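For reference, upload12.cif is printed below; it contains mmCIF, C-alpha atoms.
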```cif
data_target
loop_
_atom_site.label_atom_id
_atom_site.label_comp_id
_atom_site.auth_asym_id
_atom_site.auth_seq_id
_atom_site.Cartn_x
_atom_site.Cartn_y
_atom_site.Cartn_z
CA MET Y 1 120.93 120.39 109.26
CA ALA Y 2 121.41 121.11 105.56
CA SER Y 3 118.10 120.91 103.73
CA LEU Y 4 116.92 120.41 100.19
CA LEU Y 5 113.66 122.22 100.99
CA ASP Y 6 115.01 125.55 99.70
CA PRO Y 7 112.23 126.75 97.36
CA ASP Y 8 114.79 128.24 94.98
CA ALA Y 9 116.67 124.98 94.53
CA ARG Y 10 115.70 122.88 91.51
CA GLY Y 11 116.59 119.40 90.39
CA ARG Y 12 116.57 117.47 93.65
CA VAL Y 13 115.07 114.39 95.22
CA ILE Y 14 113.66 113.93 98.71
CA LEU Y 15 112.87 110.45 100.03
CA VAL Y 16 109.92 110.81 102.38
CA GLY Y 17 108.54 108.28 104.84
CA ALA Y 18 104.74 108.39 104.64
CA GLY Y 19 104.22 106.36 107.81
CA PRO Y 20 101.86 103.39 108.17
CA GLY Y 21 98.86 105.11 106.58
CA ASP Y 22 97.15 107.70 108.75
CA PRO Y 23 98.12 111.18 107.45
CA GLY Y 24 98.20 112.39 111.04
CA LEU Y 25 101.40 110.40 111.55
CA LEU Y 26 103.35 112.33 108.91
CA THR Y 27 106.18 114.48 110.21
CA VAL Y 28 106.03 118.24 109.73
CA ARG Y 29 109.09 117.96 107.50
CA ALA Y 30 107.35 115.36 105.31
CA VAL Y 31 104.40 117.71 104.77
CA GLU Y 32 106.77 120.53 103.82
CA ALA Y 33 108.47 118.31 101.25
CA LEU Y 34 105.18 117.22 99.70
CA ARG Y 35 104.03 120.82 99.36
CA ALA Y 36 107.24 121.63 97.46
CA ALA Y 37 106.96 118.70 95.02
CA ASP Y 38 106.76 118.91 91.24
CA VAL Y 39 106.71 115.13 90.92
CA VAL Y 40 105.60 112.55 93.50
CA VAL Y 41 106.80 109.00 92.85
CA HIS Y 42 104.81 106.94 95.32
CA ASP Y 43 104.21 103.43 96.59
CA GLY Y 44 100.87 101.77 95.93
CA LEU Y 45 99.52 101.78 99.48
CA ILE Y 46 99.88 105.52 100.14
CA ASP Y 47 96.64 107.03 101.45
CA ASP Y 48 94.95 109.45 99.02
CA ARG Y 49 94.84 112.05 101.82
CA VAL Y 50 98.64 112.00 101.91
CA LEU Y 51 98.94 112.38 98.14
CA ALA Y 52 96.51 115.32 98.32
CA LEU Y 53 99.10 117.30 100.30
CA ALA Y 54 101.16 117.77 97.14
CA PRO Y 55 100.23 120.69 94.84
CA ALA Y 56 97.34 119.96 92.49
CA ALA Y 57 99.66 120.54 89.53
CA ALA Y 58 102.27 118.04 90.76
CA GLN Y 59 102.63 114.90 88.68
CA ARG Y 60 101.79 111.75 90.65
CA ILE Y 61 103.41 108.52 89.49
CA SER Y 62 102.49 105.20 91.12
CA VAL Y 63 105.19 102.54 91.24
CA ALA Y 64 103.02 100.10 93.16
CA LYS Y 65 104.54 96.78 94.10
CA ARG Y 66 102.64 93.63 94.95
CA ARG Y 67 103.89 90.14 95.66
CA ALA Y 68 105.28 88.73 92.38
CA ARG Y 69 103.84 91.69 90.41
CA HIS Y 70 105.64 95.03 90.15
CA THR Y 71 104.56 98.02 88.06
CA LEU Y 72 108.25 98.82 87.52
CA PRO Y 73 111.39 96.94 88.55
CA GLN Y 74 113.56 98.77 91.08
CA GLU Y 75 116.15 99.70 88.46
CA ALA Y 76 113.46 101.42 86.40
CA ILE Y 77 112.20 103.32 89.44
CA ASN Y 78 115.73 104.54 90.09
CA ALA Y 79 116.07 105.66 86.48
CA LEU Y 80 112.68 107.41 86.60
CA ILE Y 81 113.66 109.41 89.67
CA VAL Y 82 117.02 110.43 88.19
CA ALA Y 83 115.43 111.46 84.88
CA HIS Y 84 112.93 113.80 86.54
CA VAL Y 85 115.59 115.33 88.77
CA ARG Y 86 117.85 115.99 85.78
CA ALA Y 87 114.90 117.72 84.10
CA GLY Y 88 114.90 120.20 86.97
CA SER Y 89 111.99 118.83 88.99
CA VAL Y 90 111.64 118.63 92.75
CA VAL Y 91 110.99 114.90 93.12
CA VAL Y 92 109.47 113.47 96.27
CA ARG Y 93 109.90 109.72 96.48
CA LEU Y 94 107.06 108.86 98.84
CA LYS Y 95 107.42 105.53 100.60
CA GLY Y 96 105.18 103.74 103.08
CA GLY Y 97 106.51 103.55 106.63
CA ASP Y 98 110.16 104.58 106.83
CA PRO Y 99 112.35 104.69 103.68
CA PHE Y 100 115.15 102.73 105.34
CA ILE Y 101 113.09 99.89 106.85
CA PHE Y 102 112.32 97.37 104.10
CA GLY Y 103 111.62 100.26 101.75
CA ARG Y 104 114.60 99.97 99.39
CA GLY Y 105 115.46 103.53 100.31
CA GLY Y 106 119.13 102.64 100.54
CA GLU Y 107 119.16 101.42 96.95
CA GLU Y 108 117.50 104.61 95.73
CA VAL Y 109 119.93 106.82 97.62
CA GLU Y 110 122.81 104.91 96.02
CA ALA Y 111 121.34 105.38 92.55
CA VAL Y 112 120.77 109.12 93.00
CA ARG Y 113 124.26 109.68 94.40
CA ALA Y 114 125.80 107.60 91.61
CA ALA Y 115 124.13 110.02 89.18
CA GLY Y 116 125.86 112.91 90.96
CA LEU Y 117 122.64 114.32 92.41
CA ALA Y 118 121.81 115.52 95.91
CA VAL Y 119 119.35 113.58 98.03
CA GLU Y 120 117.67 114.08 101.40
CA VAL Y 121 115.87 111.43 103.46
CA ILE Y 122 112.99 112.34 105.76
CA PRO Y 123 112.23 109.47 108.13
CA GLY Y 124 108.73 108.21 108.76
CA VAL Y 125 106.90 106.23 111.43
CA SER Y 126 107.56 102.61 110.48
CA ALA Y 127 104.68 100.16 110.12
CA ALA Y 128 105.90 98.22 113.12
CA LEU Y 129 105.93 101.25 115.40
CA GLY Y 130 102.67 102.76 114.17
CA CYS Y 131 100.64 99.54 114.16
CA ALA Y 132 102.01 98.37 117.50
CA ALA Y 133 101.23 101.69 119.17
CA GLU Y 134 97.67 101.61 117.89
CA ALA Y 135 97.21 98.09 119.27
CA MET Y 136 98.76 99.07 122.62
CA LEU Y 137 101.47 96.49 121.96
CA PRO Y 138 104.83 97.50 123.50
CA LEU Y 139 107.58 96.00 121.37
CA THR Y 140 109.93 96.18 124.35
CA HIS Y 141 109.02 95.97 128.02
CA ARG Y 142 111.23 95.81 131.08
CA ASP Y 143 109.44 92.71 132.38
CA HIS Y 144 108.91 90.88 129.10
CA SER Y 145 111.29 91.88 126.28
CA SER Y 146 114.70 93.53 126.21
CA ALA Y 147 115.27 93.12 122.46
CA VAL Y 148 113.28 93.57 119.26
CA THR Y 149 114.20 92.44 115.74
CA PHE Y 150 112.64 93.32 112.38
CA VAL Y 151 112.75 90.74 109.58
CA ALA Y 152 111.14 90.32 106.16
CA GLY Y 153 108.90 87.30 105.71
CA GLN Y 154 109.51 86.93 101.99
CA CYS Y 155 112.87 88.61 101.39
CA LYS Y 156 115.06 86.18 99.37
CA GLY Y 157 112.99 83.25 100.63
CA LEU Y 158 112.65 81.94 104.14
CA THR Y 159 115.27 79.26 103.66
CA ASP Y 160 117.95 81.93 103.12
CA GLN Y 161 117.28 83.62 106.43
CA ASP Y 162 118.74 82.66 109.79
CA TRP Y 163 116.31 83.65 112.54
CA SER Y 164 117.86 81.52 115.26
CA GLY Y 165 117.63 83.28 118.59
CA LEU Y 166 115.50 86.17 117.32
CA ALA Y 167 112.26 85.00 118.93
CA GLY Y 168 111.54 83.43 122.29
CA GLN Y 169 111.43 84.35 125.94
CA GLY Y 170 112.47 87.96 126.55
CA ARG Y 171 112.60 88.84 122.84
CA THR Y 172 110.20 90.30 120.29
CA LEU Y 173 110.25 89.45 116.60
CA VAL Y 174 108.43 91.68 114.10
CA ILE Y 175 107.85 90.19 110.66
CA TYR Y 176 107.06 92.38 107.67
CA MET Y 177 105.49 90.95 104.50
CA GLY Y 178 104.71 87.64 106.18
CA VAL Y 179 100.99 87.09 105.58
CA ALA Y 180 101.42 84.92 102.48
CA THR Y 181 104.01 82.74 104.23
CA ALA Y 182 102.52 82.74 107.75
CA GLU Y 183 102.28 78.95 108.03
CA ALA Y 184 105.87 78.47 106.86
CA ILE Y 185 107.01 81.20 109.26
CA ALA Y 186 105.38 79.42 112.19
CA ASP Y 187 106.94 76.10 111.17
CA LYS Y 188 110.35 77.74 110.80
CA LEU Y 189 110.22 79.36 114.24
CA MET Y 190 109.02 76.20 115.98
CA ALA Y 191 111.75 74.20 114.25
CA ASP Y 192 114.23 76.74 115.67
CA GLY Y 193 112.95 76.03 119.16
CA VAL Y 194 110.31 78.70 119.75
CA ALA Y 195 107.49 77.28 121.87
CA PRO Y 196 104.27 76.48 119.95
CA ASP Y 197 102.30 78.40 122.59
CA MET Y 198 104.28 81.62 122.14
CA PRO Y 199 101.80 84.53 121.72
CA VAL Y 200 101.56 86.00 118.22
CA ALA Y 201 99.70 89.06 116.93
CA VAL Y 202 98.75 89.98 113.38
CA LEU Y 203 98.22 93.71 112.88
CA GLU Y 204 96.28 94.24 109.66
CA LYS Y 205 95.84 97.60 107.92
CA GLY Y 206 97.20 99.42 110.95
CA THR Y 207 96.08 103.07 111.39
CA LEU Y 208 93.74 102.74 108.38
CA PRO Y 209 89.99 102.12 108.07
CA GLY Y 210 89.20 98.42 108.45
CA ARG Y 211 92.20 97.81 110.71
CA ARG Y 212 92.30 94.67 112.86
CA ALA Y 213 94.57 93.47 115.63
CA LEU Y 214 94.28 89.71 116.15
CA ARG Y 215 96.23 87.35 118.37
CA THR Y 216 96.69 83.65 118.74
CA LEU Y 217 99.47 81.15 119.51
CA LEU Y 218 102.40 80.45 117.20
CA ALA Y 219 101.17 76.95 116.30
CA ASP Y 220 97.87 78.48 115.11
CA LEU Y 221 99.34 81.41 113.15
CA GLY Y 222 98.90 80.03 109.64
CA ALA Y 223 95.46 78.67 110.40
CA MET Y 224 94.29 81.96 111.92
CA VAL Y 225 95.50 83.98 108.94
CA ALA Y 226 93.47 81.65 106.69
CA ARG Y 227 90.37 81.59 108.95
CA GLU Y 228 90.29 85.36 109.31
CA ARG Y 229 91.17 86.02 105.66
CA VAL Y 230 93.96 88.38 106.72
CA ALA Y 231 95.23 90.49 103.83
CA SER Y 232 98.22 92.75 103.31
CA PRO Y 233 99.34 95.18 104.52
CA ALA Y 234 99.89 93.43 107.83
CA ILE Y 235 102.73 92.73 110.22
CA ILE Y 236 103.25 89.78 112.53
CA VAL Y 237 104.57 90.21 116.07
CA VAL Y 238 105.92 87.21 118.00
CA GLY Y 239 106.65 87.46 121.71
CA GLU Y 240 105.33 87.63 125.25
CA VAL Y 241 104.54 91.34 124.82
CA VAL Y 242 101.59 90.34 122.63
CA GLU Y 243 99.68 89.39 125.76
CA LEU Y 244 99.83 93.01 126.94
CA SER Y 245 98.12 94.32 123.81
CA ASP Y 246 94.52 95.08 122.88
CA ALA Y 247 94.67 92.50 120.08
CA GLU Y 248 91.62 90.26 120.04
CA ASP Y 249 92.32 86.66 121.12
CA ARG Y 250 90.91 84.82 118.13
CA LEU Y 251 91.97 81.35 119.24
CA ALA Y 252 90.05 81.70 122.50
CA GLY Y 253 87.03 83.04 120.63
CA TYR Y 254 87.18 80.19 118.14
CA ALA Y 255 87.42 77.67 120.99
CA ARG Y 256 84.36 79.16 122.69
CA VAL Y 257 82.34 78.85 119.49
CA ALA Y 258 83.44 75.24 119.05
CA GLU Y 259 82.58 74.49 122.68
CA SER Y 260 79.12 76.03 122.39
CA VAL Y 261 78.40 74.04 119.23
CA GLY Y 262 79.55 70.86 120.94
CA SER Y 263 77.24 71.47 123.89
CA LEU Y 264 74.09 71.67 121.75
CA PRO Y 265 71.61 68.82 122.28
CA ALA Y 266 71.75 66.07 119.70
#
```

For this file, produce the structure as structure tokens.
Amino acid sequence: MASLLDPDARGRVILVGAGPGDPGLLTVRAVEALRAADVVVHDGLIDDRVLALAPAAAQRISVAKRRARHTLPQEAINALIVAHVRAGSVVVRLKGGDPFIFGRGGEEVEAVRAAGLAVEVIPGVSAALGCAAEAMLPLTHRDHSSAVTFVAGQCKGLTDQDWSGLAGQGRTLVIYMGVATAEAIADKLMADGVAPDMPVAVLEKGTLPGRRALRTLLADLGAMVARERVASPAIIVVGEVVELSDAEDRLAGYARVAESVGSLPA
């Protein structure tokens, strides 16, 4: 495999998948790229321990994105990367998860190639894979799911997306960026015929301190996200495989509390 990690080569860009958070999930190749960096252009949720792998003298530039609030628009990020590469820097574009799964890595590769520059992509453990593994949640299972689909919960608006047939018996649906629209997601899936009692898990801050794995039923998804004050980053998993996981059954726990309160003497 041709590599851009040649220490004598200057003026290049390497897109690196930082994984879901835990530095231990970085690939060996990702660590090598970070150690060679002059400039690290990174997402906002990258763990400080990952950034520390770059040389102390390397310039670190955050291009953090939040819902409806971006430090830089994507076109400006592309231009920033190209400018540093043309100045002769080794630029590592460090992206959470995997660069090619809802990371806009494809757009950045296009921009770099359009500028006539070389680019390498180092894959990372995606949020779905890392968080699911931590929660002991198999996204596929011979007895429960023969297909898995990844979708974005806020990409171009829910009304523009056709999820028909993506969730239901024998299938697993993984939803990125869906916390803010969890109630609408549940309504959309039920309107498409998914049973209201389909198991759902929310995997919050996977592989990071403060992580939680919670489960409920589809009809309760929006309410549980509100009750538990779930915050991003988090992914939503819909499917029978959820019942095999270590995720805490919050609907059952909530029902037990309500039942105990109701049994108190008047």

- request: Evaluate the PyMOL selection byres ((chain Y and resi 104-112) around 12) and record the selected residues as a PyMOL selection string, following the chain and residue labels used in the document.
  value: chain Y and resi 11-17+41+43+65+73-86+91-103+113-124+155

query: So which residues get picked by the PyMOL selection byres ((chain Y and resi 149) around 6) here, written as a ChimeraX atom specification?
result: /Y:148,150,173

field: Expected selection from the PyMOL selection byres ((chain Y and resi 196) around 9), given as a list in words
entry: Ala186, Leu189, Met190, Gly193, Val194, Ala195, Asp197, Met198, Pro199, Leu217, Leu218, Ala219 and Asp220 of chain Y

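Take CA of Val28 in chain Y and CA of Ala54 in chain Y: the distance between them is 13.5 Å.
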
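Checking Y:Ala147, Y:Leu214, Y:Leu34, Y:Leu158 one by one against Ala132 in chain Y, counting all atoms listed in the file, you find the shortest gap at Y:Leu214.
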
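Each of Y:Ala135, Y:Met224, Y:Ala127, Y:Val200 was compared to Met177 in chain Y using all atoms listed in the file, and Y:Ala127 turns out to be the nearest.
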
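Straight-line separation from CA of Ala184 in chain Y to CA of Arg211 in chain Y: 24.0 Å.
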
message: Counting all atoms listed in the file, which residue out of Y:Thr207, Y:Ala36, Y:Val31, Y:Ser62 sits closest to Val50 in chain Y?
response: Y:Val31

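Nearest to Ser126 in chain Y of all the residues Y:Ala58, Y:Leu25, Y:Leu166, Y:Leu244 is Y:Leu25, counting all atoms listed in the file.
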
Write out as a PDB file with C-alpha atoms, in the frame of the given file the residues lying within 10 Å of Asp47 in chain Y, counting all atoms listed in the file and excluding same-chain residues fewer than 4 positions away.
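Output file part-v7.pdb follows:
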```pdb
ATOM      1  CA  ALA Y  18     104.740 108.390 104.640  1.00  0.00           C
ATOM      2  CA  GLY Y  19     104.220 106.360 107.810  1.00  0.00           C
ATOM      3  CA  PRO Y  20     101.860 103.390 108.170  1.00  0.00           C
ATOM      4  CA  GLY Y  21      98.860 105.110 106.580  1.00  0.00           C
ATOM      5  CA  ASP Y  22      97.150 107.700 108.750  1.00  0.00           C
ATOM      6  CA  PRO Y  23      98.120 111.180 107.450  1.00  0.00           C
ATOM      7  CA  ASP Y  43     104.210 103.430  96.590  1.00  0.00           C
ATOM      8  CA  LEU Y  51      98.940 112.380  98.140  1.00  0.00           C
ATOM      9  CA  ALA Y  52      96.510 115.320  98.320  1.00  0.00           C
ATOM     10  CA  GLY Y  96     105.180 103.740 103.080  1.00  0.00           C
ATOM     11  CA  LEU Y 208      93.740 102.740 108.380  1.00  0.00           C
TER      12      LEU Y 208
END
```

Shortest interatomic distance to Trp163 in chain Y - which of Y:Asp192, Y:Thr27, Y:Arg229, Y:Lys205, counting all atoms listed in the file: Y:Asp192

field: Distance of CA of Ile235 in chain Y from CA of Met136 in chain Y, expressed in Å to one decimal place
entry: 14.5 Å

- request: Would you mind listing what lies within 10 Å of Arg212 in chain Y as a PyMOL selection string, with all atoms listed in the file counted and same-chain residues fewer than 2 positions away left out?
  value: chain Y and resi 131+135+202-210+214-215+230+234+247-248

Store the residues picked out above, limited to C-alpha atoms, as a PDB file, in the frame of the given file.
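Done, and the output landed in out.pdb:
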```
ATOM      1  CA  CYS Y 131     100.640  99.540 114.160  1.00  0.00           C
ATOM      2  CA  ALA Y 135      97.210  98.090 119.270  1.00  0.00           C
ATOM      3  CA  VAL Y 202      98.750  89.980 113.380  1.00  0.00           C
ATOM      4  CA  LEU Y 203      98.220  93.710 112.880  1.00  0.00           C
ATOM      5  CA  GLU Y 204      96.280  94.240 109.660  1.00  0.00           C
ATOM      6  CA  LYS Y 205      95.840  97.600 107.920  1.00  0.00           C
ATOM      7  CA  GLY Y 206      97.200  99.420 110.950  1.00  0.00           C
ATOM      8  CA  THR Y 207      96.080 103.070 111.390  1.00  0.00           C
ATOM      9  CA  LEU Y 208      93.740 102.740 108.380  1.00  0.00           C
ATOM     10  CA  PRO Y 209      89.990 102.120 108.070  1.00  0.00           C
ATOM     11  CA  GLY Y 210      89.200  98.420 108.450  1.00  0.00           C
ATOM     12  CA  LEU Y 214      94.280  89.710 116.150  1.00  0.00           C
ATOM     13  CA  ARG Y 215      96.230  87.350 118.370  1.00  0.00           C
ATOM     14  CA  VAL Y 230      93.960  88.380 106.720  1.00  0.00           C
ATOM     15  CA  ALA Y 234      99.890  93.430 107.830  1.00  0.00           C
ATOM     16  CA  ALA Y 247      94.670  92.500 120.080  1.00  0.00           C
ATOM     17  CA  GLU Y 248      91.620  90.260 120.040  1.00  0.00           C
TER      18      GLU Y 248
END
```

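Minimum atom-to-atom distances from Y:Arg49, Y:Arg29, Y:Gly168, Y:His42 to Leu72 in chain Y were compared using all atoms listed in the file, and the lowest value belongs to Y:His42.
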